[in-house]
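**Student:** Mind looking over this structure? Questions follow.
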Amino acid sequence: MFSALYTKLVANILFPLHELLKKHDTVRIKKQLEQSQWQSTEAINENANKRLAKFLDKASQDVPYYRDVFKKLGIEAGDIALKAELSALPFLDKTVIRENFEQLKSEKAGPTQPFTTGGSSGTPLTFLLSNERVSHDVAEKWRATRWWDVDIGDKEIVAWGSPIELGAQDKVRIARDKLFRSTLVPAFDMDEVKLLGFIEQIKSIAPKMLFGYPSVYALIAQTAQKHNIALDNLGIKVVFVTSERLYPYQQEVIEKVFNAPVANGYGGRDAGFIAHACANGKMHISAEDIIVEIVDSQGNVLPDGESGEIVVTHMATSDFPFIRYRTGDIGAIDTDSCSCGRGLPVLKNIEGRTTDFVVAQDGTIMHGLALIYILREMSGIDAFKIVQESLTHTRVEIVPTHSLTEEMRGTIVNGFKQRLGETVEVELQVVDSIAAEKSGKFRYVISKVEY
């Protein structure tokens, strides 16, 4: 009884106050989203088209880059009033953003802060984030959380892998997480001792929900199975996973061990909170905020049902617009609606990029991000691919901006040796481009070592 009352206190008073103090409009947006999700798909699309017209008009007037785009194309923003007409505009990608960073900021932008993607694609991106975008993304995530009969304030464990984010926790953030009953687990490098420690932490907290990388929870589940540790009686209601492609074998072992459904989320720091699974397993697009196009290899828009690259236009990015942003991921818009009754369109066949684990010489299993962050923070690197050939040999393909200096080489090699082992051979290969896999997909961290 107390736990339920405390959750209501957090969800209805403490968290709204927290968002208000941060000047986020999250609560109002979430209320609107919880109503609009039950509209018909046609009504949702019609409202999105109206919002798109206003969004593009604002971008064409206030954003130097798009002002030039419309001028060069000889069109007015009013000429594009429908999703189907978006193809008149060019794609946005990481290269375009890097080359036009200052021009992409609105001249009427409010407070913004620089944000950098995780770099799992091999090409980290820095862009500007505003309160508008954050408010909408948080509201979208909050709505999706409630689809699973859990809420902010319910006990939660978050398994995350960024050493920067984990290190950035100050006393205020620690106090906030404690107040909201959210526990952050540093799932950055994992040997069996740490994994068993995570398992004991999960058992002692008995959270209602878990959140993090699917690969992390699959590994925790496999470790629990190996040691015959029961985790199916803790009352966990849902395991939210994101940031990686969810594989069927991962979902199977997670659901079996934790006795809870897996709720997959798709999105990114750059593209936003794109889609999330409902209890029926369908991935609903955040269609009030985000327009999704599916394009082929030539950039032509494909009809619903056909797979291609996912391109997003995030309409809550007025201060630093993301218009027709290429995610590099593959998917399709489902032609069938979901039986849950929500009118939100459905994204299917999502094949996003994935980040593997790597294994140190001493047997420590660590997330691929442990190596990615070494490269991500370095200037002068356009792209990279890490291949762990064996416990004693790791190969790194690098596309440098100009050249790979001896100082850069030393930083990379030393950083990798600190993670993998001092006697590991770190082979650096300068290449002109990163080749795709045979499937046509890209993987930027590959480990050939079994764990």
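The chains in the structure tokens are called A, B, ... from first to last as shown; in each chain the residues are counted from 1, and the ligands are counted from 1 in the order shown.
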Write down as a VMD selection string the residues belonging to range 52-271 of chain A that are assigned alpha helix (DSSP H) by DSSP computed on the backbone.
**Tutor:** chain A and resid 52 to 62 64 to 73 94 to 99 131 to 146 163 to 167 171 to 179 192 to 205 214 to 226 248 to 258
**Student:** Give me, as a list of chain:residue names, all polymer residues having an atom no more than 7 Å from His393 in chain A, counting only C-alpha atoms and skipping those fewer than 2 positions away in the same chain.
**Tutor:**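 After dropping sequence-adjacent residues, the list is A:Gln388, A:Glu389, A:Ser390, A:Leu391, A:Arg395, A:Val424, A:Glu425, A:Val426.
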**Student:** Using the selection just defined, write its residues with N, CA and C atoms as a PDB file, in the first residue's frame.
**Tutor:**
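Done, and the output landed in selection20.pdb:
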ATOM      1  N   GLN A 388      37.578  -7.437 -32.427  1.00  0.00           N
ATOM      2  CA  GLN A 388      38.378  -8.223 -31.500  1.00  0.00           C
ATOM      3  C   GLN A 388      38.569  -9.606 -32.111  1.00  0.00           C
ATOM      4  N   GLU A 389      39.746  -9.814 -32.686  1.00  0.00           N
ATOM      5  CA  GLU A 389      40.024 -11.079 -33.382  1.00  0.00           C
ATOM      6  C   GLU A 389      40.221 -12.225 -32.401  1.00  0.00           C
ATOM      7  N   SER A 390      40.861 -11.930 -31.275  1.00  0.00           N
ATOM      8  CA  SER A 390      41.117 -12.944 -30.250  1.00  0.00           C
ATOM      9  C   SER A 390      41.400 -12.223 -28.941  1.00  0.00           C
ATOM     10  N   LEU A 391      41.654 -12.985 -27.878  1.00  0.00           N
ATOM     11  CA  LEU A 391      41.967 -12.361 -26.596  1.00  0.00           C
ATOM     12  C   LEU A 391      43.268 -11.581 -26.656  1.00  0.00           C
ATOM     13  N   ARG A 395      41.869  -5.463 -33.709  1.00  0.00           N
ATOM     14  CA  ARG A 395      42.161  -4.657 -34.891  1.00  0.00           C
ATOM     15  C   ARG A 395      41.195  -3.474 -34.949  1.00  0.00           C
ATOM     16  N   VAL A 424      47.979  -7.238 -24.967  1.00  0.00           N
ATOM     17  CA  VAL A 424      47.148  -7.385 -26.162  1.00  0.00           C
ATOM     18  C   VAL A 424      47.743  -6.571 -27.311  1.00  0.00           C
ATOM     19  N   GLU A 425      47.806  -7.187 -28.488  1.00  0.00           N
ATOM     20  CA  GLU A 425      48.264  -6.464 -29.677  1.00  0.00           C
ATOM     21  C   GLU A 425      47.102  -5.631 -30.219  1.00  0.00           C
ATOM     22  N   VAL A 426      47.301  -4.329 -30.302  1.00  0.00           N
ATOM     23  CA  VAL A 426      46.281  -3.432 -30.846  1.00  0.00           C
ATOM     24  C   VAL A 426      46.773  -2.956 -32.205  1.00  0.00           C
TER      25      VAL A 426
END
**Student:** Report, in Å with one decimal, the straight-line distance from CA of Phe416 in chain A to CA of Ile386 in chain A.
**Tutor:**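 Between these atoms lies a distance of 10.5 Å.
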**Student:** Between A:Val359, A:Leu344, A:Ile13, A:Ile365, which one has atoms that come closest to Gln39 in chain A, using only C-alpha atoms?
**Tutor:**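 Closest candidate: A:Leu344.
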**Student:** What's the separation between CA of Thr117 in chain A and CA of Val216 in chain A, in Å to one decimal place?
**Tutor:**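 Going from CA of Thr117 in chain A over to CA of Val216 in chain A covers 19.4 Å.
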**Student:** Which is closer to Leu128 in chain A than all the others in A:Glu407, A:Glu102, A:Glu42, A:Asp57, using only C-alpha atoms?
**Tutor:**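 Among the listed residues, the smallest separation from Leu128 in chain A belongs to A:Glu102.
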**Student:** At most 6 Å is the cut-off: for each residue in range 64-93 of chain A with any atom that close to an atom of range 310-331 of chain A, write down the nearest atom pair and the distance in Å rounded to one decimal, counting only C-alpha atoms, chain first then increasing number, as CSV.
**Tutor:**
residue,atom,partner,partner_atom,distance
A:Phe91,CA,A:Arg324,CA,5.0
A:Leu92,CA,A:Tyr325,CA,4.5
A:Asp93,CA,A:Arg326,CA,5.5
**Student:** For the selection just defined, write its residues with N, CA and C atoms to a file, as a PDB file, in the first residue's frame.
**Tutor:**
ATOM      1  N   PHE A  91      18.088  15.339 -47.556  1.00  0.00           N
ATOM      2  CA  PHE A  91      18.304  14.600 -46.324  1.00  0.00           C
ATOM      3  C   PHE A  91      19.276  15.354 -45.422  1.00  0.00           C
ATOM      4  N   LEU A  92      19.161  15.075 -44.141  1.00  0.00           N
ATOM      5  CA  LEU A  92      20.106  15.573 -43.156  1.00  0.00           C
ATOM      6  C   LEU A  92      20.881  14.366 -42.625  1.00  0.00           C
ATOM      7  N   ASP A  93      22.191  14.476 -42.527  1.00  0.00           N
ATOM      8  CA  ASP A  93      22.978  13.404 -41.933  1.00  0.00           C
ATOM      9  C   ASP A  93      24.086  14.007 -41.080  1.00  0.00           C
TER      10      ASP A  93
END
**Student:** With distances taken over only C-alpha atoms, which residue among A:Gln222, A:Asp296, A:Asp270, A:Leu184 lies nearest Phe115 in chain A?
**Tutor:**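 Closest candidate: A:Asp270.
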**Student:** Would you kindly return, as a ChimeraX atom specification, each protein, DNA or RNA residue with an atom no farther than 8 Å from any atom of range 243-258 of chain A, considering only C-alpha atoms and excluding same-chain residues fewer than 6 positions away?
**Tutor:** /A:212-215,217-218,221-222,224-225,230-234,236,264-268,350-355
**Student:** Keeping only C-alpha atoms, write those residues as a compact mmCIF listing (two decimals), in the first residue's frame.
**Tutor:**
# COMPACT_ATOMS: atom_id res chain seq x y z
CA GLY A 212 18.94 -0.66 -20.13
CA TYR A 213 20.75 -2.48 -22.91
CA PRO A 214 19.25 -5.81 -24.02
CA SER A 215 22.74 -7.31 -24.19
CA TYR A 217 20.17 -7.99 -19.23
CA ALA A 218 20.65 -11.05 -21.43
CA ALA A 221 20.01 -13.57 -17.13
CA GLN A 222 22.49 -16.11 -18.51
CA ALA A 224 21.66 -16.27 -13.16
CA GLN A 225 20.83 -19.44 -15.09
CA ALA A 230 15.95 -17.57 -9.20
CA LEU A 231 14.89 -14.09 -10.36
CA ASP A 232 11.38 -14.98 -11.47
CA ASN A 233 9.73 -14.28 -8.12
CA LEU A 234 10.70 -10.65 -7.56
CA ILE A 236 9.32 -7.40 -11.90
CA ASN A 264 11.61 -2.77 -26.77
CA GLY A 265 12.30 0.92 -27.41
CA TYR A 266 13.77 2.36 -30.59
CA GLY A 267 15.40 5.75 -30.92
CA GLY A 268 18.60 7.62 -30.29
CA ILE A 350 13.72 -2.79 -37.15
CA GLU A 351 17.31 -3.79 -37.69
CA GLY A 352 19.31 -1.17 -35.90
CA ARG A 353 23.02 -1.14 -35.39
CA THR A 354 24.32 -3.23 -32.52
CA THR A 355 27.24 -2.96 -30.15
